[in-house]
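One file, work.cif, carrying mmCIF, C-alpha atoms and all ligand atoms:
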data_work
#
loop_
_atom_site.label_atom_id
_atom_site.label_comp_id
_atom_site.auth_asym_id
_atom_site.auth_seq_id
_atom_site.Cartn_x
_atom_site.Cartn_y
_atom_site.Cartn_z
CA VAL A 12 92.25 76.20 83.83
CA PRO A 13 89.66 75.08 86.35
CA THR A 14 88.51 77.66 88.82
CA ILE A 15 88.25 76.50 92.39
CA TYR A 16 85.51 77.75 94.62
CA ARG A 17 85.38 77.12 98.31
CA THR A 18 82.56 77.98 100.60
CA LEU A 19 82.81 77.80 104.34
CA PRO A 20 81.51 74.44 105.57
CA ILE A 21 78.59 74.86 107.94
CA SER A 22 80.25 72.52 110.42
CA LEU A 23 83.27 74.80 110.76
CA PRO A 24 84.14 75.25 114.46
CA LEU A 25 82.85 78.53 115.76
CA GLY A 26 86.28 79.58 117.04
CA LEU A 27 87.85 79.19 113.62
CA LEU A 28 84.95 80.99 112.00
CA LEU A 29 85.32 83.93 114.38
CA ALA A 30 89.09 84.00 113.87
CA GLY A 31 88.52 84.09 110.13
CA GLN A 32 86.04 86.90 110.46
CA ALA A 33 88.36 88.89 112.69
CA LEU A 34 91.18 88.42 110.21
CA PHE A 35 89.17 89.79 107.34
CA ALA A 36 86.98 92.21 109.28
CA GLY A 37 86.12 95.25 107.26
CA SER A 38 87.95 94.10 104.17
CA HIS A 39 86.41 90.82 103.22
CA ALA A 40 83.16 89.54 101.87
CA ALA A 41 82.65 86.04 100.52
CA ILE A 42 82.58 86.04 96.75
CA GLY A 43 80.10 83.18 96.73
CA SER A 44 79.14 81.67 93.41
CA PRO A 45 81.46 81.70 90.38
CA GLU A 46 79.32 84.08 88.33
CA ASN A 47 79.76 86.80 90.96
CA LEU A 48 83.33 87.50 89.86
CA LYS A 49 84.29 88.04 86.23
CA ILE A 50 87.86 88.74 85.14
CA ASP A 51 88.14 90.29 81.69
CA PRO A 52 90.38 89.02 80.21
CA VAL A 53 91.81 86.08 82.20
CA SER A 54 94.64 85.88 79.67
CA PRO A 55 95.77 89.52 79.42
CA ARG A 56 98.69 90.68 77.34
CA GLN A 57 101.64 92.41 78.99
CA GLY A 58 100.58 96.05 79.46
CA GLN A 59 96.86 95.31 79.19
CA THR A 60 94.30 96.27 81.85
CA MET A 61 92.28 93.49 83.48
CA VAL A 62 88.78 94.53 84.47
CA LEU A 63 87.35 92.68 87.47
CA HIS A 64 83.58 92.77 87.85
CA LEU A 65 82.11 91.69 91.15
CA THR A 66 78.52 91.50 92.33
CA LEU A 67 77.93 91.39 96.07
CA PRO A 68 75.02 91.74 98.48
CA ALA A 69 74.48 95.47 99.02
CA ASP A 70 75.44 95.27 102.71
CA ALA A 71 78.75 93.45 102.09
CA THR A 72 82.16 95.10 102.04
CA PRO A 73 84.08 94.31 98.84
CA PRO A 74 87.36 92.38 99.25
CA VAL A 75 90.79 93.71 98.32
CA VAL A 76 92.49 92.50 95.13
CA GLN A 77 96.14 91.47 95.28
CA PHE A 78 98.40 91.07 92.30
CA GLN A 79 102.19 91.08 92.22
CA LYS A 80 102.48 92.46 95.78
CA LYS A 81 100.22 95.40 95.03
CA THR A 82 96.69 95.87 96.32
CA TYR A 83 93.73 97.18 94.35
CA LYS A 84 90.36 98.46 95.46
CA PHE A 85 86.93 97.58 94.14
CA HIS A 86 84.90 100.71 93.38
CA ALA A 87 81.12 100.71 93.42
CA GLN A 88 79.46 101.01 90.01
CA GLY A 89 76.31 103.07 89.97
CA THR A 90 73.61 102.55 92.52
CA LYS A 91 72.50 99.26 94.02
CA ALA A 92 70.13 97.10 92.06
CA GLY A 93 67.76 95.42 94.49
CA ASP A 94 69.78 93.62 97.17
CA MET A 95 72.95 93.49 95.07
CA MET A 96 75.71 95.95 94.32
CA LYS A 97 78.13 95.93 91.39
CA TYR A 98 81.83 96.67 91.86
CA ARG A 99 84.78 96.99 89.50
CA ALA A 100 88.55 96.85 90.03
CA LEU A 101 91.19 97.73 87.43
CA VAL A 102 94.51 95.88 87.37
CA ALA A 103 97.08 96.83 84.75
CA VAL A 104 99.55 94.06 83.94
CA PRO A 105 103.07 95.51 84.07
CA VAL A 106 104.80 95.58 80.69
CA VAL A 107 107.95 94.03 82.18
CA LEU A 108 106.13 91.12 83.84
CA PRO A 109 107.27 87.94 82.05
CA ALA A 110 104.60 85.94 80.25
CA GLY A 111 103.31 83.02 82.32
CA ASN A 112 100.80 81.91 84.92
CA TYR A 113 100.12 84.08 87.96
CA SER A 114 97.69 84.08 90.82
CA LEU A 115 95.38 86.95 91.56
CA GLY A 116 94.04 87.25 95.09
CA VAL A 117 90.48 88.40 95.63
CA GLY A 118 89.80 88.51 99.35
CA GLU A 119 90.77 85.03 100.58
CA GLU A 120 90.24 83.43 97.19
CA THR A 121 92.78 82.98 94.44
CA ARG A 122 92.23 82.98 90.69
CA ASN A 123 94.65 81.90 88.01
CA ILE A 124 95.47 84.25 85.19
CA THR A 125 97.82 83.80 82.24
CA VAL A 126 99.86 86.74 81.04
CA THR A 127 100.66 86.48 77.35
CA ASN A 128 103.60 87.99 75.53
CA ALA A 129 102.61 91.26 73.86
CA GLY A 130 105.58 91.05 71.49
CA PHE A 131 106.74 94.58 72.09
CA PRO A 132 109.51 95.49 69.67
CA VAL A 133 113.03 96.18 70.87
CA GLN A 134 114.78 99.23 69.53
CA LYS A 135 118.56 99.00 69.34
CA ILE A 136 120.29 102.29 69.89
CA HIS A 137 123.82 103.43 70.48
CA LEU A 138 124.45 106.34 72.77
CA SER A 139 127.53 108.10 74.00
CA LYS A 140 127.46 108.38 77.79
CA ASP A 141 127.04 112.16 77.87
CA LYS A 142 124.15 112.12 75.38
CA ASP A 143 121.48 110.30 77.37
CA ASN A 144 120.50 112.68 80.11
CA PHE A 145 117.60 111.99 82.42
CA ILE A 146 118.12 114.83 84.87
CA SER A 147 114.75 116.10 86.08
CA SER A 148 113.81 119.44 87.59
CA PRO A 149 113.52 119.71 91.38
CA GLY A 150 110.16 118.19 92.43
CA GLU A 151 109.35 116.99 88.90
CA GLU A 152 109.53 113.22 89.45
CA GLU A 153 107.72 113.46 92.78
CA ALA A 154 104.83 115.46 91.32
CA VAL A 155 104.44 113.11 88.33
CA GLN A 156 104.62 110.03 90.55
CA LYS A 157 101.97 111.49 92.85
CA ALA A 158 99.69 112.12 89.86
CA ARG A 159 100.20 108.53 88.64
CA GLU A 160 99.00 107.18 91.96
CA CYS A 161 95.88 109.33 92.12
CA ASP A 162 92.88 107.22 93.16
CA SER A 163 89.74 109.30 93.58
CA GLU A 164 86.38 107.67 94.07
CA LYS A 165 84.24 109.34 91.42
CA GLN A 166 84.32 108.02 87.85
CA LEU A 167 84.55 110.99 85.48
CA TRP A 168 84.71 109.07 82.21
CA ASP A 169 81.97 107.41 80.22
CA GLY A 170 82.61 104.93 77.45
CA THR A 171 85.73 104.40 75.36
CA PHE A 172 88.67 106.79 75.52
CA ARG A 173 89.42 109.09 72.59
CA VAL A 174 92.59 109.47 70.60
CA PRO A 175 94.19 112.67 72.00
CA CYS A 176 95.85 113.85 68.80
CA LYS A 177 95.05 113.50 65.11
CA ALA A 178 98.69 113.22 64.08
CA ARG A 179 100.25 109.90 63.05
CA ILE A 180 101.71 107.54 65.65
CA THR A 181 105.50 107.59 65.64
CA THR A 182 106.21 105.31 68.63
CA ARG A 183 103.79 102.78 70.03
CA PHE A 184 103.28 101.77 73.63
CA GLY A 185 105.59 99.18 75.17
CA LEU A 186 108.67 99.57 72.98
CA ARG A 187 111.74 98.20 74.77
CA ARG A 188 115.24 99.53 74.30
CA MET A 189 118.63 97.96 73.91
CA VAL A 190 121.31 100.54 74.52
CA ASN A 191 124.84 99.71 73.42
CA GLY A 192 123.89 96.01 73.21
CA ARG A 193 122.21 95.76 76.62
CA LEU A 194 118.47 95.45 77.15
CA LEU A 195 117.26 98.05 79.64
CA ALA A 196 115.41 95.78 82.07
CA ASP A 197 113.06 98.39 83.48
CA TYR A 198 112.67 100.63 80.47
CA PHE A 199 109.70 100.60 78.15
CA HIS A 200 107.85 103.30 76.26
CA THR A 201 105.10 104.24 78.71
CA GLY A 202 102.73 105.76 76.18
CA ILE A 203 102.01 106.52 72.54
CA ASP A 204 103.89 109.22 70.62
CA TYR A 205 101.99 111.29 68.07
CA GLY A 206 104.33 113.13 65.71
CA GLY A 207 102.16 116.16 65.35
CA GLY A 208 103.26 119.46 63.90
CA LEU A 209 104.11 122.22 66.33
CA GLY A 210 100.87 123.71 67.68
CA ALA A 211 98.57 120.83 66.65
CA PRO A 212 95.59 120.50 69.05
CA VAL A 213 95.74 118.05 71.96
CA TYR A 214 92.39 116.77 73.25
CA ALA A 215 91.29 115.32 76.59
CA THR A 216 90.98 111.56 76.09
CA GLN A 217 87.93 111.53 78.37
CA GLY A 218 86.21 113.61 81.02
CA GLY A 219 88.41 114.33 84.00
CA ARG A 220 89.88 116.78 86.44
CA VAL A 221 93.18 118.59 85.81
CA ILE A 222 95.59 117.43 88.54
CA LEU A 223 98.76 118.66 86.88
CA ALA A 224 99.28 121.64 84.54
CA HIS A 225 102.91 122.62 84.81
CA ASN A 226 105.25 124.51 82.52
CA GLY A 227 108.96 124.08 82.06
CA TRP A 228 110.03 120.75 83.54
CA ARG A 229 113.32 119.40 82.14
CA LEU A 230 112.05 115.92 81.20
CA HIS A 231 108.27 116.23 80.75
CA GLY A 232 108.38 119.82 79.51
CA ASN A 233 104.96 121.44 79.70
CA ILE A 234 102.67 118.73 81.03
CA VAL A 235 98.99 118.15 81.74
CA ALA A 236 97.59 115.24 83.76
CA LEU A 237 93.90 114.42 84.00
CA ASP A 238 92.38 112.35 86.78
CA HIS A 239 89.49 110.33 85.33
CA GLY A 240 88.69 108.77 88.70
CA GLN A 241 89.03 105.29 90.22
CA GLY A 242 92.77 105.09 89.53
CA VAL A 243 92.74 106.13 85.85
CA VAL A 244 95.00 109.08 84.96
CA SER A 245 96.09 110.39 81.53
CA PHE A 246 99.27 112.39 80.78
CA TYR A 247 100.09 114.79 77.94
CA LEU A 248 103.78 115.68 77.61
CA HIS A 249 106.05 118.13 75.77
CA LEU A 250 103.24 120.62 75.05
CA SER A 251 104.02 124.01 73.49
CA LYS A 252 101.00 125.50 75.23
CA ILE A 253 98.72 124.49 78.14
CA LEU A 254 95.09 125.60 77.92
CA VAL A 255 93.77 124.33 81.27
CA LYS A 256 94.33 125.06 84.96
CA PRO A 257 94.74 122.72 87.94
CA GLY A 258 91.42 121.75 89.49
CA GLU A 259 89.45 122.42 86.29
CA LEU A 260 86.95 119.81 85.06
CA VAL A 261 87.36 119.01 81.37
CA ALA A 262 84.93 117.41 78.93
CA PRO A 263 85.79 114.43 76.70
CA GLY A 264 87.51 115.75 73.57
CA GLN A 265 88.08 119.24 74.98
CA MET A 266 91.21 120.94 73.65
CA ILE A 267 93.63 121.10 76.59
CA GLY A 268 96.90 122.09 74.93
CA LYS A 269 99.06 122.19 71.82
CA VAL A 270 101.77 119.86 70.57
CA GLY A 271 105.31 121.00 71.29
CA SER A 272 108.83 119.81 71.95
CA THR A 273 109.38 121.09 75.48
CA GLY A 274 111.37 118.98 77.93
CA ARG A 275 113.34 115.94 76.78
CA ALA A 276 112.09 115.77 73.20
CA THR A 277 114.01 115.70 69.96
CA GLY A 278 111.17 117.23 67.95
CA PRO A 279 107.51 118.27 68.21
CA HIS A 280 105.35 115.35 69.36
CA LEU A 281 102.75 114.45 71.94
CA HIS A 282 103.66 111.71 74.38
CA PHE A 283 100.36 110.38 75.71
CA SER A 284 100.24 107.96 78.66
CA LEU A 285 97.45 106.24 80.49
CA TYR A 286 98.11 105.03 84.03
CA VAL A 287 95.85 102.63 85.87
CA ASN A 288 96.49 102.40 89.61
CA GLY A 289 100.05 103.59 89.16
CA GLU A 290 100.92 101.29 86.26
CA ALA A 291 101.36 102.42 82.65
CA THR A 292 98.87 100.58 80.44
CA ASP A 293 98.38 100.34 76.67
CA PRO A 294 95.98 103.19 75.79
CA SER A 295 95.08 101.67 72.40
CA ASP A 296 93.07 98.99 74.22
CA TRP A 297 91.07 101.73 75.99
CA PHE A 298 90.32 103.40 72.61
CA ILE A 299 88.28 100.37 71.52
CA ARG A 300 87.12 98.80 74.76
CA HIS A 301 84.22 100.02 76.85
CA VAL A 302 85.49 99.63 80.42
ZN ZN A 401 107.00 109.03 74.11
#
Please go through the file and, once you have read it, give me the structure as structure tokens.
Ligand SMILES: [Zn+2]
Amino acid sequence: VPTIYRTLPISLPLGLLLAGQALFAGSHAAIGSPENLKIDPVSPRQGQTMVLHLTLPADATPPVVQFQKKTYKFHAQGTKAGDMMKYRALVAVPVVLPAGNYSLGVGEETRNITVTNAGFPVQKIHLSKDKDNFISSPGEEEAVQKARECDSEKQLWDGTFRVPCKARITTRFGLRRMVNGRLLADYFHTGIDYGGGLGAPVYATQGGRVILAHNGWRLHGNIVALDHGQGVVSFYLHLSKILVKPGELVAPGQMIGKVGSTGRATGPHLHFSLYVNGEATDPSDWFIRHV
């Protein structure tokens, strides 16, 4: 797929140039040469996180990224090197987005990306109507949604993310469900389940700040959420015990709780999720990839 680059012609009428500047004032900087923007990977799988690297003159304002009607921010990486500044944006491809070609907007430019089929398995289950109960506690969904959308400036992680539990994986990320013969269009397994024994240690996947440490919710049970900064948040569900407090800074690998079966769980397990700018992403990719 050829990438198209356009630079403003010097002969552009001044009026048009000014109109363009006004339109993008404060939010746009020309990306310039092709090597200034790197999208990794340009052919992501469903549920994978795309990492956008951008290098700009230090005095420029980074553009906004647009993908599937959502906007994403570039965050500065480290300090400026000479006259240039490095930025990074994280875009998680939704699991339910069909495979195919899509455009990604970066400022006024557009790049083509190809989403590939991740081949998530479909689990066929039969349920009686009264059995499948998703009734949450008052304020539960709102608090969890708010934590998912956390976007603080400071990066609190360094390097790859760690596996949060030593127990074996019982359900992988992305599993779809067919209930009574019908595929649930919006449902997918938003994390990884570790079938640990009751009381097995649960570790912080990376450095972060505790933004949620709540006991007794009907669906999530006892839950911890860690804000790793720049739109990356991890969740630990169904704990039997929480060992951290809201606002606390935790170190990578620190024990933050114990495996349990609180909330909507059929047995002791850890449900671990990683959200990137409000979208559930496959954590296993973050275990091996240095973002
Ligand atoms: Zn789960």
Give the residue list for ligand ZN 401 (chain A) at 7 Å, counting only C-alpha atoms and all ligand atoms, as a list in words, sorted by chain and then by residue number.
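Checking only C-alpha atoms and all ligand atoms against ligand ZN 401 (chain A) at 7 Å gives Thr182, His200, Thr201, Gly202, Ile203, Asp204, His282 and Phe283 of chain A.
One distance worth recording is that between atom CA of Arg187 of chain A and atom CA of Ala129 of chain A, which is 11.5 Å.
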Between A:Ile267, A:Val126, A:Leu67, A:Cys161, which has the minimum distance to Gly210 of chain A (counting all atoms listed in the file)?
A:Ile267
Write out as a PDB file with C-alpha atoms, in the frame of the given file each polymer residue whose atoms come within 12 Å of Phe145 of chain A, counting all atoms listed in the file; drop sequence neighbours fewer than 5 positions from it.
ATOM      1  CA  LYS A 140     127.460 108.380  77.790  1.00  0.00           C
ATOM      2  CA  GLU A 151     109.350 116.990  88.900  1.00  0.00           C
ATOM      3  CA  GLU A 152     109.530 113.220  89.450  1.00  0.00           C
ATOM      4  CA  TRP A 228     110.030 120.750  83.540  1.00  0.00           C
ATOM      5  CA  ARG A 229     113.320 119.400  82.140  1.00  0.00           C
ATOM      6  CA  LEU A 230     112.050 115.920  81.200  1.00  0.00           C
ATOM      7  CA  HIS A 231     108.270 116.230  80.750  1.00  0.00           C
ATOM      8  CA  GLY A 274     111.370 118.980  77.930  1.00  0.00           C
ATOM      9  CA  ARG A 275     113.340 115.940  76.780  1.00  0.00           C
ATOM     10  CA  ALA A 276     112.090 115.770  73.200  1.00  0.00           C
TER      11      ALA A 276
END
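Residues with any atom within 10 Å of Leu223 of chain A, counting all atoms listed in the file and excluding same-chain neighbours fewer than 3 positions away, are Ala154, Val155, Lys157, Ala158, Arg220, Asn226, Asn233, Ile234, Val235, Ala236, Leu237, Asp238, Phe246, Tyr247, Val255, Lys256, Pro257 and Gly258 of chain A.
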Can I get the selected residues back with C-alpha atoms, as an mmCIF file, keeping the file's coordinate frame?
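Below is the file that was written, result06.cif:
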data_model
loop_
_atom_site.group_PDB
_atom_site.id
_atom_site.type_symbol
_atom_site.label_atom_id
_atom_site.label_comp_id
_atom_site.auth_asym_id
_atom_site.auth_seq_id
_atom_site.Cartn_x
_atom_site.Cartn_y
_atom_site.Cartn_z
ATOM 1 C CA ALA A 154 104.830 115.460 91.320
ATOM 2 C CA VAL A 155 104.440 113.110 88.330
ATOM 3 C CA LYS A 157 101.970 111.490 92.850
ATOM 4 C CA ALA A 158 99.690 112.120 89.860
ATOM 5 C CA ARG A 220 89.880 116.780 86.440
ATOM 6 C CA ASN A 226 105.250 124.510 82.520
ATOM 7 C CA ASN A 233 104.960 121.440 79.700
ATOM 8 C CA ILE A 234 102.670 118.730 81.030
ATOM 9 C CA VAL A 235 98.990 118.150 81.740
ATOM 10 C CA ALA A 236 97.590 115.240 83.760
ATOM 11 C CA LEU A 237 93.900 114.420 84.000
ATOM 12 C CA ASP A 238 92.380 112.350 86.780
ATOM 13 C CA PHE A 246 99.270 112.390 80.780
ATOM 14 C CA TYR A 247 100.090 114.790 77.940
ATOM 15 C CA VAL A 255 93.770 124.330 81.270
ATOM 16 C CA LYS A 256 94.330 125.060 84.960
ATOM 17 C CA PRO A 257 94.740 122.720 87.940
ATOM 18 C CA GLY A 258 91.420 121.750 89.490
#
Please provide as a list in words all residues within 12 Å of segment 91-95 of chain A, with the sequence filter that same-chain residues fewer than 2 positions apart are discarded (counting only C-alpha atoms).
Asn47, Leu65, Thr66, Leu67, Pro68, Ala69, Asp70, Ala71, Thr72, Pro73, Ala87, Gln88, Gly89, Lys97 and Tyr98 of chain A
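When atom CA of Ser114 of chain A is paired with atom CA of Gly58 of chain A, their separation reads 16.8 Å.
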Output requested as a PDB file, in the frame of the given file - segment 199-210 of chain A, filled out with all heavy atoms.
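Wrote it out as part.pdb, contents follow:
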ATOM      1  N   PHE A 199     110.590 100.839  79.280  1.00  0.00           N
ATOM      2  CA  PHE A 199     109.700 100.600  78.150  1.00  0.00           C
ATOM      3  C   PHE A 199     109.024 101.924  77.836  1.00  0.00           C
ATOM      4  O   PHE A 199     108.992 102.827  78.688  1.00  0.00           O
ATOM      5  CB  PHE A 199     108.659  99.511  78.450  1.00  0.00           C
ATOM      6  CG  PHE A 199     107.725  99.859  79.579  1.00  0.00           C
ATOM      7  CD1 PHE A 199     106.492 100.437  79.313  1.00  0.00           C
ATOM      8  CD2 PHE A 199     108.059  99.603  80.895  1.00  0.00           C
ATOM      9  CE1 PHE A 199     105.622 100.766  80.347  1.00  0.00           C
ATOM     10  CE2 PHE A 199     107.204  99.927  81.930  1.00  0.00           C
ATOM     11  CZ  PHE A 199     105.976 100.510  81.657  1.00  0.00           C
ATOM     12  N   HIS A 200     108.525 102.057  76.627  1.00  0.00           N
ATOM     13  CA  HIS A 200     107.850 103.300  76.260  1.00  0.00           C
ATOM     14  C   HIS A 200     106.478 103.307  76.926  1.00  0.00           C
ATOM     15  O   HIS A 200     105.631 102.479  76.610  1.00  0.00           O
ATOM     16  CB  HIS A 200     107.731 103.403  74.731  1.00  0.00           C
ATOM     17  CG  HIS A 200     107.310 104.758  74.287  1.00  0.00           C
ATOM     18  ND1 HIS A 200     106.261 104.963  73.428  1.00  0.00           N
ATOM     19  CD2 HIS A 200     107.780 105.985  74.624  1.00  0.00           C
ATOM     20  CE1 HIS A 200     106.122 106.263  73.243  1.00  0.00           C
ATOM     21  NE2 HIS A 200     107.018 106.906  73.947  1.00  0.00           N
ATOM     22  N   THR A 201     106.277 104.255  77.824  1.00  0.00           N
ATOM     23  CA  THR A 201     105.100 104.240  78.710  1.00  0.00           C
ATOM     24  C   THR A 201     103.840 104.814  78.078  1.00  0.00           C
ATOM     25  O   THR A 201     102.812 104.908  78.746  1.00  0.00           O
ATOM     26  CB  THR A 201     105.389 105.036  79.996  1.00  0.00           C
ATOM     27  OG1 THR A 201     105.762 106.372  79.617  1.00  0.00           O
ATOM     28  CG2 THR A 201     106.510 104.402  80.802  1.00  0.00           C
ATOM     29  N   GLY A 202     103.928 105.209  76.814  1.00  0.00           N
ATOM     30  CA  GLY A 202     102.730 105.760  76.180  1.00  0.00           C
ATOM     31  C   GLY A 202     102.791 105.639  74.678  1.00  0.00           C
ATOM     32  O   GLY A 202     103.519 104.794  74.143  1.00  0.00           O
ATOM     33  N   ILE A 203     102.010 106.471  74.006  1.00  0.00           N
ATOM     34  CA  ILE A 203     102.010 106.520  72.540  1.00  0.00           C
ATOM     35  C   ILE A 203     102.519 107.897  72.137  1.00  0.00           C
ATOM     36  O   ILE A 203     102.099 108.905  72.711  1.00  0.00           O
ATOM     37  CB  ILE A 203     100.583 106.306  71.978  1.00  0.00           C
ATOM     38  CG1 ILE A 203     100.030 104.934  72.390  1.00  0.00           C
ATOM     39  CG2 ILE A 203     100.567 106.461  70.460  1.00  0.00           C
ATOM     40  CD1 ILE A 203      98.567 104.705  71.990  1.00  0.00           C
ATOM     41  N   ASP A 204     103.423 107.936  71.156  1.00  0.00           N
ATOM     42  CA  ASP A 204     103.890 109.220  70.620  1.00  0.00           C
ATOM     43  C   ASP A 204     103.143 109.546  69.338  1.00  0.00           C
ATOM     44  O   ASP A 204     103.036 108.705  68.439  1.00  0.00           O
ATOM     45  CB  ASP A 204     105.391 109.150  70.295  1.00  0.00           C
ATOM     46  CG  ASP A 204     106.260 109.227  71.532  1.00  0.00           C
ATOM     47  OD1 ASP A 204     105.718 109.523  72.621  1.00  0.00           O
ATOM     48  OD2 ASP A 204     107.473 108.996  71.399  1.00  0.00           O
ATOM     49  N   TYR A 205     102.626 110.778  69.282  1.00  0.00           N
ATOM     50  CA  TYR A 205     101.990 111.290  68.070  1.00  0.00           C
ATOM     51  C   TYR A 205     102.909 112.378  67.515  1.00  0.00           C
ATOM     52  O   TYR A 205     103.175 113.357  68.221  1.00  0.00           O
ATOM     53  CB  TYR A 205     100.609 111.863  68.384  1.00  0.00           C
ATOM     54  CG  TYR A 205      99.640 110.823  68.889  1.00  0.00           C
ATOM     55  CD1 TYR A 205      99.545 110.527  70.248  1.00  0.00           C
ATOM     56  CD2 TYR A 205      98.816 110.122  67.999  1.00  0.00           C
ATOM     57  CE1 TYR A 205      98.654 109.571  70.713  1.00  0.00           C
ATOM     58  CE2 TYR A 205      97.927 109.155  68.460  1.00  0.00           C
ATOM     59  CZ  TYR A 205      97.858 108.892  69.826  1.00  0.00           C
ATOM     60  OH  TYR A 205      96.981 107.935  70.275  1.00  0.00           O
ATOM     61  N   GLY A 206     103.367 112.190  66.299  1.00  0.00           N
ATOM     62  CA  GLY A 206     104.330 113.130  65.710  1.00  0.00           C
ATOM     63  C   GLY A 206     103.674 114.334  65.076  1.00  0.00           C
ATOM     64  O   GLY A 206     103.854 114.609  63.899  1.00  0.00           O
ATOM     65  N   GLY A 207     102.894 115.015  65.868  1.00  0.00           N
ATOM     66  CA  GLY A 207     102.160 116.160  65.350  1.00  0.00           C
ATOM     67  C   GLY A 207     103.033 117.352  65.046  1.00  0.00           C
ATOM     68  O   GLY A 207     104.130 117.482  65.586  1.00  0.00           O
ATOM     69  N   GLY A 208     102.553 118.228  64.164  1.00  0.00           N
ATOM     70  CA  GLY A 208     103.260 119.460  63.900  1.00  0.00           C
ATOM     71  C   GLY A 208     103.152 120.370  65.101  1.00  0.00           C
ATOM     72  O   GLY A 208     102.215 120.265  65.902  1.00  0.00           O
ATOM     73  N   LEU A 209     104.112 121.267  65.224  1.00  0.00           N
ATOM     74  CA  LEU A 209     104.110 122.220  66.330  1.00  0.00           C
ATOM     75  C   LEU A 209     102.797 122.980  66.377  1.00  0.00           C
ATOM     76  O   LEU A 209     102.342 123.506  65.364  1.00  0.00           O
ATOM     77  CB  LEU A 209     105.282 123.199  66.144  1.00  0.00           C
ATOM     78  CG  LEU A 209     105.600 124.120  67.322  1.00  0.00           C
ATOM     79  CD1 LEU A 209     106.140 123.342  68.505  1.00  0.00           C
ATOM     80  CD2 LEU A 209     106.607 125.179  66.879  1.00  0.00           C
ATOM     81  N   GLY A 210     102.122 122.963  67.521  1.00  0.00           N
ATOM     82  CA  GLY A 210     100.870 123.710  67.680  1.00  0.00           C
ATOM     83  C   GLY A 210      99.610 122.923  67.360  1.00  0.00           C
ATOM     84  O   GLY A 210      98.501 123.428  67.534  1.00  0.00           O
TER      85      GLY A 210
END
